[in-house]
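A.B. asks: Below is a structure I'd like to ask you about.
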Amino acid sequence: MGDLRQKMGVVSQTICPSSRVPSEDDLKAPNGSKEDKMQMKREISLTNGICLIVGNMIGSGIFVSPKGVLMHSGSYGLSLLIWAIGGIFSVVGALCYVELGTTITKSGASYAYILESFGGFLAFIRLWTSILMIEPASQAIISLTFANYLVQAFYPTCQAPYDSVRLIAAACLCTLIFINCAYVKWGTFIQDIFTFAKIMALCFIIVVGIVKIFSGETNGFEAPFEGSSTDPGAISLALYSALFSYSGWDTLNFVTEEIQNPDRNLPLAIAISMPIVTIIYLLTNVAYYLVLDMPSLLASDAVAVTFGNMVLGPFKWIIPISVAMSCYGGLNASIISASRLFFVGAREGHLPNSLSLIHLERYTPIPALIFNGLMGLIYLCVEDVFQLINYFSFSNWLFVGLSVAGLIYLRITEPDRPRPVKLNLFFAYFYCLCSLFLVVVPLYGDTINSLIGLGLALSGAPVYYMAVYLPEEKRPKIIRRFNGWATRLIQVLFCCCLTDWDGEAGAKRQ
């Protein structure tokens with residue numbers, strides 16, 4: 001990157017010699033050939049990968065608020081059709097990410113793909129929005145949802161105390177940060193356990209629905225499409241609600257460098273996870289529709305809790321606990337993916353060098369994890385944190401669409417590049433067009449919040465100019481001094497090493 005990073009590299013070599021970031025060939029090399037390299041290890045198996053994807057996709061939404069699709073579609077039949085279309089569309093996007101993940105063998109998902117395809121500025125804006133709003137706000141919301149459902153049993157008839165909920169949410173976030181700082185395997189173990197638990201809870205709901213079907217209680221499905229909406233705008237909003245519930249299928253692409261045999265396990269994990277989630281979503285909604293009539297379902301703020309109150313009797317406490325476990329697993333997956341995003345951004349020179357440090361013995365990105373945790377704690381102090389996420393309702397589709405556009409761009413500009421998985425370009429074009437539609441919908445439907453979000457995203461432009469684009473010697477001295485001071489301090493404080501950096505490639509991307 002420059003003189004400062006070279007000096008930091010000398011310090012890093014003193015603390016832990018022979019540290020460097022893996023080349024593309026190294027990333028595809030077997031575990032045994034990289035014992036001498038200071039880099040994060042390939043500890044994520046196929047099962048861990050499946051649990052990361054499923055655990056992040058199935059959050060609290062399917063338990064709490066699946067009514068958005070039904071509200072806009074107007075009938076059980078059309079709502080189930082939209083859930084199925086949402087699943088198929090998500091599969092197309094996931095398939096595009098299979099090619100991207102096996103072609104660009106770096107962690108970071110859309111950030112890495114945009115960086116490789118369109119250069120540093122757009123990639124930095126994606127990173128900036130994640131740091132400023134998306135990741136910390138979403139993690140704060142998940143942890144608050146976890147805390148609310150955890151304490152619900154103690155406050156059945158009133159609102160839980162504000163401070164208690166926030167403290168429990170903070171404890172949840174800090175616990176998961178500690179676990180992921182300790183060992184990668186600890187984080188994946190937590191993910192496996194809680195993913196299994198939430199699937200069992202949803203299977204329990206599905207079994208109740210199956211019992212209803214075999215007992216002949218199918219009143220809601222005698223005329224499944226009666227009352228279906230014919231308004232294109234309403235159907236679009238229903239589809240948007242369904243797709244929001246499917247978000248998270250790109251989770252494994254954030255940790256590509258840590259996957260065992262990524263050319264095999266990345267495609268397999270996505271191919272197994274997507275049908276599982278789609279089928280679970282469809283069957284869970286069928287169970288809801290069989291037990292609850294439409295007015296009850298639309299009036300409920302927590303559909304699964306209302307469902308449990310009607311059919312579980314004394315065991316209705318199972319549902320709030322299941323929602324809490326689902327949030328815990330989803331938060332863990334979000335922490336794993338976000339910390340890798342910050343780590344890769346720092347390694348590419350878009351964030352302070354200190355965030356690209358990894359622990360000397362544990363091989364975990366401790367500084368990136370702690371930074372992620374601190375940002376989450378800051379957002380827990382914001383009283384109306386749920387409002388903040390509305391500012392970026394369109395950004396997910398914008399950056400995912402740009403990533404898939406990058407797939408098309410690289411096919412044209414680098415046709416001979418090795419691609420272990422090669423997708424028909426029809427799917428990429430189709431997904432880009434649909435993503436454009438999904439960017440326009442919130443801009444039209446929630447213009448003020450979307451424009452605020454766009455303005456906050458573009459606020460990263462002057463930061464990029466001063467801290468990344470300018471040559472090292474022309475940047476403000478305070479940036480250079482802080483970068484060097486923070487890197488040295490964190491190296492000593494957390495026993496971490498500064499990973500090497502491909503300066504020529506990085507300069508080209510800027």
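Residue numbering restarts at 1 for every chain of the structure tokens, chains are lettered A, B, ... in their displayed order, and ligands are numbered from 1 as they appear.
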Just the residues within 6 Å of region 140-153 of chain A, please, counting only C-alpha atoms, with nothing from its chain fewer than 5 positions along; format it as a compact mmCIF listing (two decimals) with all heavy atoms, in the first residue's frame.
C.D. replies:
# COMPACT_ATOMS: atom_id res chain seq x y z
N VAL A 165 -33.87 -5.14 28.69
CA VAL A 165 -33.81 -5.69 27.33
C VAL A 165 -32.49 -5.29 26.66
O VAL A 165 -31.82 -6.11 26.03
CB VAL A 165 -35.02 -5.21 26.51
CG1 VAL A 165 -34.85 -5.59 25.04
CG2 VAL A 165 -36.30 -5.80 27.06
N ILE A 168 -29.49 -7.25 28.20
CA ILE A 168 -29.48 -8.65 27.76
C ILE A 168 -29.02 -8.73 26.31
O ILE A 168 -28.23 -9.61 25.93
CB ILE A 168 -30.87 -9.30 27.94
CG1 ILE A 168 -31.19 -9.44 29.43
CG2 ILE A 168 -30.93 -10.66 27.26
CD1 ILE A 168 -32.61 -9.88 29.72
N ALA A 169 -29.49 -7.80 25.49
CA ALA A 169 -29.05 -7.76 24.09
C ALA A 169 -27.54 -7.52 24.00
O ALA A 169 -26.85 -8.18 23.20
CB ALA A 169 -29.80 -6.66 23.34
N PRO A 320 -41.70 -18.82 22.05
CA PRO A 320 -40.80 -17.69 22.35
C PRO A 320 -39.33 -18.12 22.51
O PRO A 320 -38.43 -17.40 22.05
CB PRO A 320 -41.35 -17.13 23.66
CG PRO A 320 -42.79 -17.52 23.67
CD PRO A 320 -42.84 -18.86 23.00
N ALA A 324 -36.10 -16.94 20.23
CA ALA A 324 -34.85 -16.46 20.83
C ALA A 324 -33.65 -17.25 20.30
O ALA A 324 -32.62 -16.67 19.95
CB ALA A 324 -34.92 -16.56 22.35
N CYS A 327 -32.90 -16.22 16.75
CA CYS A 327 -32.17 -14.95 16.73
C CYS A 327 -30.70 -15.12 17.11
O CYS A 327 -29.81 -14.51 16.51
CB CYS A 327 -32.84 -13.95 17.67
SG CYS A 327 -34.47 -13.42 17.15
N GLY A 376 -21.95 -2.60 17.08
CA GLY A 376 -23.25 -3.12 17.49
C GLY A 376 -23.70 -2.54 18.82
O GLY A 376 -24.88 -2.18 19.00
N LEU A 380 -26.98 -0.23 19.85
CA LEU A 380 -27.92 -0.62 20.90
C LEU A 380 -28.30 0.57 21.77
O LEU A 380 -29.34 0.56 22.44
CB LEU A 380 -27.32 -1.72 21.78
CG LEU A 380 -27.40 -3.15 21.24
CD1 LEU A 380 -26.68 -4.12 22.18
CD2 LEU A 380 -28.85 -3.59 21.05
A.B. asks: Show which residues sit within 9 Å of region 368-371 of chain A, as a list in words. Count only C-alpha atoms, and ignore same-chain residues fewer than 6 positions away.
C.D. replies: Cys174, Ile177, Phe178, Asn180, Cys181, Ile335, Ile336, Ala338, Ser339, Arg340, Leu341, Phe342, Phe343, Ala346, Ser354, Leu355, Ser356, Leu357 and Ile358 of chain A
A.B. asks: Can you list, as a ChimeraX atom specification, every protein, DNA or RNA residue that comes within 12 Å of region 428-439 of chain A when you count only C-alpha atoms, leaving out same-chain residues fewer than 5 positions away?
C.D. replies: /A:86,88-100,233,236-244,392-411,422-423,444-447,450-451,454
A.B. asks: Neighbours of Ser229 (chain A) within 9 Å (only C-alpha atoms; same-chain residues fewer than 6 positions away dropped), as JSON, numbers by chain?
C.D. replies: {"A": [72, 73, 74, 75, 78, 235]}
A.B. asks: Please, could you write that set of residues out with N, CA and C atoms as a CSV table (one decimal), in the first residue's frame?
C.D. replies:
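Below you can see part.csv, which holds the result:
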chain,number,residue,atom,x,y,z
A,72,HIS,N,-50.3,-8.4,1.3
A,72,HIS,CA,-50.3,-7.8,0.0
A,72,HIS,C,-50.9,-8.7,-1.1
A,73,SER,N,-50.8,-10.0,-0.9
A,73,SER,CA,-51.3,-10.9,-1.9
A,73,SER,C,-52.8,-11.1,-1.8
A,74,GLY,N,-53.4,-11.1,-0.6
A,74,GLY,CA,-54.8,-11.2,-0.4
A,74,GLY,C,-55.4,-12.6,-0.3
A,75,SER,N,-54.6,-13.6,-0.6
A,75,SER,CA,-55.1,-15.0,-0.5
A,75,SER,C,-54.0,-16.0,-0.1
A,78,LEU,N,-52.2,-17.4,-3.5
A,78,LEU,CA,-51.3,-16.5,-4.1
A,78,LEU,C,-50.0,-16.2,-3.2
A,235,ILE,N,-48.7,-6.9,-5.5
A,235,ILE,CA,-48.0,-8.2,-5.7
A,235,ILE,C,-46.5,-7.9,-5.6
A.B. asks: Point out the residue among A:Gly55, A:Gly455, A:Gly101, A:Gly119 with the least atom-to-atom distance to Ile199 (chain A), counting only C-alpha atoms.
C.D. replies: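 Under the stated criterion, the closest residue is A:Gly55.
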A.B. asks: Take CA of Ile270 (chain A) and CA of Lys41 (chain A) and report the distance between them in Å, one decimal.
C.D. replies: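 Between these atoms lies a distance of 21.0 Å.
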A.B. asks: Contacts of Phe63 (chain A) at 8 Å or less, counting only C-alpha atoms, minus same-chain residues fewer than 6 places along, as number ranges by chain?
C.D. replies: A: 302-305, 323
A.B. asks: Separation of CA of Asn353 (chain A) and CA of Pro365 (chain A), in Å?
C.D. replies: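 Straight-line distance from CA of Asn353 (chain A) to CA of Pro365 (chain A) works out to 12.0 Å.
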A.B. asks: Skip Ile125 (chain A) itself and residues of its chain fewer than 3 positions away, then list as JSON, numbers by chain all residues within 9 Å of it, counting only C-alpha atoms.
C.D. replies: {"A": [120, 121, 122, 128, 129, 130, 457, 458, 459, 460, 461, 464]}
A.B. asks: Could you give me, as a short mmCIF file (atom, residue, chain, number, x, y, z; two decimals) with all heavy atoms, in the first residue's frame, the residues within 10 Å of region 187-192 of chain A, counting only C-alpha atoms and dropping anything in the same chain fewer than 2 positions from it?
C.D. replies:
data_model
loop_
_atom_site.label_atom_id
_atom_site.label_comp_id
_atom_site.auth_asym_id
_atom_site.auth_seq_id
_atom_site.Cartn_x
_atom_site.Cartn_y
_atom_site.Cartn_z
N GLU A 43 -11.25 -24.11 8.22
CA GLU A 43 -11.87 -24.91 9.28
C GLU A 43 -13.38 -25.06 9.09
O GLU A 43 -14.04 -25.68 9.92
CB GLU A 43 -11.59 -24.27 10.64
CG GLU A 43 -10.12 -24.22 11.00
CD GLU A 43 -9.89 -23.70 12.41
OE1 GLU A 43 -9.90 -22.45 12.57
OE2 GLU A 43 -9.72 -24.50 13.33
N ILE A 44 -13.94 -24.49 8.03
CA ILE A 44 -15.38 -24.55 7.82
C ILE A 44 -15.70 -25.71 6.88
O ILE A 44 -15.35 -25.68 5.69
CB ILE A 44 -15.92 -23.22 7.26
CG1 ILE A 44 -15.68 -22.10 8.29
CG2 ILE A 44 -17.39 -23.31 6.90
CD1 ILE A 44 -16.10 -20.73 7.82
N SER A 45 -16.34 -26.73 7.42
CA SER A 45 -16.67 -27.92 6.64
C SER A 45 -17.96 -27.71 5.86
O SER A 45 -18.61 -26.66 5.96
CB SER A 45 -16.83 -29.12 7.59
OG SER A 45 -17.95 -28.92 8.44
N THR A 47 -20.81 -29.25 6.39
CA THR A 47 -21.91 -29.13 7.36
C THR A 47 -21.94 -27.74 7.98
O THR A 47 -23.02 -27.14 8.12
CB THR A 47 -21.76 -30.19 8.47
OG1 THR A 47 -21.75 -31.49 7.88
CG2 THR A 47 -22.90 -30.10 9.46
N ASN A 48 -20.77 -27.22 8.36
CA ASN A 48 -20.71 -25.86 8.91
C ASN A 48 -21.24 -24.84 7.92
O ASN A 48 -21.96 -23.90 8.29
CB ASN A 48 -19.27 -25.48 9.27
CG ASN A 48 -18.65 -26.37 10.33
OD1 ASN A 48 -17.45 -26.62 10.33
ND2 ASN A 48 -19.47 -26.86 11.25
N GLY A 49 -20.88 -25.02 6.64
CA GLY A 49 -21.33 -24.10 5.61
C GLY A 49 -22.84 -24.11 5.44
O GLY A 49 -23.48 -23.06 5.32
N ILE A 50 -23.43 -25.30 5.45
CA ILE A 50 -24.89 -25.42 5.34
C ILE A 50 -25.56 -24.73 6.52
O ILE A 50 -26.54 -23.99 6.36
CB ILE A 50 -25.31 -26.90 5.26
CG1 ILE A 50 -24.80 -27.53 3.95
CG2 ILE A 50 -26.82 -27.05 5.38
CD1 ILE A 50 -24.95 -29.04 3.90
N CYS A 51 -25.02 -24.95 7.71
CA CYS A 51 -25.62 -24.34 8.91
C CYS A 51 -25.46 -22.82 8.91
O CYS A 51 -26.35 -22.11 9.40
CB CYS A 51 -24.98 -24.94 10.17
SG CYS A 51 -25.49 -26.65 10.48
N LEU A 52 -24.37 -22.31 8.36
CA LEU A 52 -24.21 -20.86 8.26
C LEU A 52 -25.26 -20.25 7.35
O LEU A 52 -25.88 -19.23 7.70
CB LEU A 52 -22.81 -20.52 7.73
CG LEU A 52 -21.67 -20.43 8.75
CD1 LEU A 52 -20.33 -20.33 8.05
CD2 LEU A 52 -21.88 -19.23 9.67
N ILE A 53 -25.48 -20.88 6.20
CA ILE A 53 -26.46 -20.33 5.25
C ILE A 53 -27.88 -20.45 5.81
O ILE A 53 -28.63 -19.48 5.87
CB ILE A 53 -26.36 -21.06 3.89
CG1 ILE A 53 -24.99 -20.81 3.25
CG2 ILE A 53 -27.46 -20.56 2.95
CD1 ILE A 53 -24.73 -21.63 2.02
N VAL A 54 -28.24 -21.67 6.23
CA VAL A 54 -29.59 -21.90 6.75
C VAL A 54 -29.84 -21.06 8.00
O VAL A 54 -30.90 -20.45 8.17
CB VAL A 54 -29.82 -23.40 7.04
CG1 VAL A 54 -31.17 -23.63 7.73
CG2 VAL A 54 -29.75 -24.21 5.76
N GLY A 55 -28.83 -21.01 8.88
CA GLY A 55 -28.98 -20.27 10.13
C GLY A 55 -29.15 -18.79 9.94
O GLY A 55 -29.85 -18.12 10.71
N ASN A 56 -28.53 -18.23 8.89
CA ASN A 56 -28.66 -16.80 8.64
C ASN A 56 -29.94 -16.49 7.87
O ASN A 56 -30.57 -15.45 8.09
CB ASN A 56 -27.45 -16.27 7.87
CG ASN A 56 -27.23 -14.78 8.09
OD1 ASN A 56 -27.80 -14.17 8.99
ND2 ASN A 56 -26.40 -14.18 7.26
N LEU A 176 -21.19 -13.68 21.95
CA LEU A 176 -20.89 -14.25 20.64
C LEU A 176 -19.59 -13.68 20.07
O LEU A 176 -18.86 -14.40 19.38
CB LEU A 176 -22.06 -14.00 19.69
CG LEU A 176 -23.30 -14.85 19.95
CD1 LEU A 176 -24.45 -14.44 19.06
CD2 LEU A 176 -22.98 -16.34 19.75
N ILE A 177 -19.30 -12.43 20.34
CA ILE A 177 -18.02 -11.86 19.90
C ILE A 177 -16.87 -12.61 20.56
O ILE A 177 -15.88 -12.98 19.90
CB ILE A 177 -17.94 -10.35 20.23
CG1 ILE A 177 -18.95 -9.56 19.39
CG2 ILE A 177 -16.52 -9.83 20.02
CD1 ILE A 177 -18.66 -9.52 17.91
N PHE A 178 -16.98 -12.87 21.86
CA PHE A 178 -15.94 -13.60 22.59
C PHE A 178 -15.76 -15.01 22.01
O PHE A 178 -14.63 -15.47 21.79
CB PHE A 178 -16.28 -13.69 24.07
CG PHE A 178 -15.41 -14.64 24.84
CD1 PHE A 178 -14.12 -14.27 25.20
CD2 PHE A 178 -15.84 -15.92 25.15
CE1 PHE A 178 -13.29 -15.15 25.88
CE2 PHE A 178 -15.02 -16.80 25.84
CZ PHE A 178 -13.74 -16.42 26.20
N ILE A 179 -16.86 -15.70 21.77
CA ILE A 179 -16.81 -17.06 21.25
C ILE A 179 -16.08 -17.09 19.90
O ILE A 179 -15.23 -17.96 19.66
CB ILE A 179 -18.22 -17.64 21.12
CG1 ILE A 179 -18.80 -17.94 22.51
CG2 ILE A 179 -18.24 -18.91 20.26
CD1 ILE A 179 -20.26 -18.31 22.52
N ASN A 180 -16.40 -16.13 19.03
CA ASN A 180 -15.78 -16.13 17.70
C ASN A 180 -14.33 -15.62 17.74
O ASN A 180 -13.56 -15.96 16.84
CB ASN A 180 -16.62 -15.28 16.75
CG ASN A 180 -17.86 -16.01 16.27
OD1 ASN A 180 -17.79 -16.86 15.39
ND2 ASN A 180 -19.00 -15.71 16.87
N CYS A 181 -13.99 -14.84 18.75
CA CYS A 181 -12.59 -14.45 18.93
C CYS A 181 -11.75 -15.64 19.40
O CYS A 181 -10.57 -15.75 19.05
CB CYS A 181 -12.48 -13.32 19.95
SG CYS A 181 -12.93 -11.69 19.34
N ALA A 182 -12.34 -16.50 20.20
CA ALA A 182 -11.60 -17.61 20.78
C ALA A 182 -11.14 -18.59 19.72
O ALA A 182 -9.94 -18.83 19.54
CB ALA A 182 -12.46 -18.31 21.84
N TYR A 183 -12.08 -19.17 18.98
CA TYR A 183 -11.75 -20.14 17.94
C TYR A 183 -12.84 -20.11 16.88
O TYR A 183 -14.03 -19.96 17.19
CB TYR A 183 -11.65 -21.56 18.50
CG TYR A 183 -10.48 -21.77 19.43
CD1 TYR A 183 -10.66 -21.80 20.80
CD2 TYR A 183 -9.18 -21.95 18.94
CE1 TYR A 183 -9.60 -21.99 21.67
CE2 TYR A 183 -8.12 -22.13 19.79
CZ TYR A 183 -8.33 -22.15 21.16
OH TYR A 183 -7.27 -22.33 22.02
N VAL A 184 -12.46 -20.29 15.63
CA VAL A 184 -13.44 -20.39 14.56
C VAL A 184 -14.37 -21.57 14.81
O VAL A 184 -15.59 -21.49 14.60
CB VAL A 184 -12.74 -20.54 13.19
CG1 VAL A 184 -13.76 -20.83 12.09
CG2 VAL A 184 -11.94 -19.27 12.86
N LYS A 185 -13.80 -22.68 15.28
CA LYS A 185 -14.60 -23.89 15.53
C LYS A 185 -15.67 -23.66 16.59
O LYS A 185 -16.74 -24.27 16.53
CB LYS A 185 -13.69 -25.05 15.94
CG LYS A 185 -13.00 -25.76 14.78
CD LYS A 185 -14.04 -26.46 13.90
CE LYS A 185 -13.37 -27.24 12.77
NZ LYS A 185 -14.40 -27.85 11.88
N PHE A 194 -27.56 -24.17 17.07
CA PHE A 194 -28.75 -23.32 17.03
C PHE A 194 -29.50 -23.43 15.70
O PHE A 194 -30.73 -23.23 15.67
CB PHE A 194 -28.38 -21.87 17.35
CG PHE A 194 -28.18 -21.63 18.81
CD1 PHE A 194 -26.95 -21.82 19.42
CD2 PHE A 194 -29.24 -21.24 19.61
CE1 PHE A 194 -26.77 -21.62 20.78
CE2 PHE A 194 -29.08 -21.03 20.98
CZ PHE A 194 -27.84 -21.23 21.57
N THR A 195 -28.80 -23.74 14.63
CA THR A 195 -29.49 -24.00 13.36
C THR A 195 -30.34 -25.26 13.49
O THR A 195 -31.51 -25.29 13.05
CB THR A 195 -28.49 -24.14 12.21
OG1 THR A 195 -27.76 -22.92 12.07
CG2 THR A 195 -29.21 -24.45 10.90
N PHE A 196 -29.77 -26.31 14.08
CA PHE A 196 -30.52 -27.54 14.29
C PHE A 196 -31.74 -27.28 15.17
O PHE A 196 -32.85 -27.76 14.89
CB PHE A 196 -29.61 -28.58 14.95
CG PHE A 196 -30.30 -29.89 15.24
CD1 PHE A 196 -30.53 -30.81 14.24
CD2 PHE A 196 -30.72 -30.20 16.53
CE1 PHE A 196 -31.17 -32.02 14.50
CE2 PHE A 196 -31.36 -31.39 16.81
CZ PHE A 196 -31.58 -32.31 15.79
N ALA A 197 -31.57 -26.46 16.23
CA ALA A 197 -32.67 -26.18 17.15
C ALA A 197 -33.81 -25.44 16.45
O ALA A 197 -34.99 -25.76 16.65
CB ALA A 197 -32.16 -25.36 18.34
N TYR A 328 -30.44 -15.97 18.10
CA TYR A 328 -29.07 -16.19 18.57
C TYR A 328 -28.21 -16.79 17.45
O TYR A 328 -27.09 -16.34 17.20
CB TYR A 328 -29.10 -17.13 19.78
CG TYR A 328 -27.85 -17.07 20.63
CD1 TYR A 328 -27.62 -16.01 21.50
CD2 TYR A 328 -26.89 -18.08 20.57
CE1 TYR A 328 -26.48 -15.95 22.29
CE2 TYR A 328 -25.74 -18.03 21.36
CZ TYR A 328 -25.54 -16.97 22.21
OH TYR A 328 -24.41 -16.92 22.99
N GLY A 329 -28.76 -17.80 16.77
CA GLY A 329 -28.02 -18.40 15.65
C GLY A 329 -27.84 -17.43 14.50
O GLY A 329 -26.77 -17.37 13.89
N GLY A 330 -28.90 -16.66 14.19
CA GLY A 330 -28.79 -15.67 13.11
C GLY A 330 -27.78 -14.59 13.42
O GLY A 330 -27.04 -14.15 12.54
N LEU A 331 -27.73 -14.15 14.69
CA LEU A 331 -26.76 -13.14 15.10
C LEU A 331 -25.34 -13.67 14.99
O LEU A 331 -24.43 -12.96 14.54
CB LEU A 331 -27.05 -12.69 16.53
CG LEU A 331 -26.12 -11.62 17.12
CD1 LEU A 331 -26.17 -10.34 16.29
CD2 LEU A 331 -26.49 -11.32 18.56
N ASN A 332 -25.14 -14.92 15.35
CA ASN A 332 -23.81 -15.53 15.25
C ASN A 332 -23.34 -15.56 13.80
O ASN A 332 -22.19 -15.21 13.49
CB ASN A 332 -23.84 -16.94 15.83
CG ASN A 332 -22.47 -17.59 15.87
OD1 ASN A 332 -21.58 -17.14 16.58
ND2 ASN A 332 -22.30 -18.64 15.09
N ALA A 333 -24.22 -15.96 12.89
CA ALA A 333 -23.86 -15.99 11.47
C ALA A 333 -23.56 -14.59 10.95
O ALA A 333 -22.62 -14.40 10.15
CB ALA A 333 -24.99 -16.63 10.66
N ILE A 335 -22.38 -12.06 12.69
CA ILE A 335 -21.09 -11.63 13.25
C ILE A 335 -19.94 -12.26 12.46
O ILE A 335 -18.94 -11.58 12.14
CB ILE A 335 -21.01 -12.01 14.74
CG1 ILE A 335 -21.92 -11.09 15.56
CG2 ILE A 335 -19.57 -11.94 15.26
CD1 ILE A 335 -22.09 -11.53 17.00
N ILE A 336 -20.05 -13.53 12.15
CA ILE A 336 -18.99 -14.21 11.38
C ILE A 336 -18.81 -13.54 10.03
O ILE A 336 -17.68 -13.22 9.62
CB ILE A 336 -19.34 -15.71 11.21
CG1 ILE A 336 -19.24 -16.44 12.55
CG2 ILE A 336 -18.40 -16.37 10.20
CD1 ILE A 336 -19.73 -17.88 12.52
#
A.B. asks: How would you write, as a PyMOL selection string, the set of residues in region 330-496 of chain A that DSSP gives as helix (DSSP H, G or I)?
C.D. replies: chain A and resi 330-347+353-356+366-380+385-392+395-413+425-445+447-458+460-469+472-474+477-494
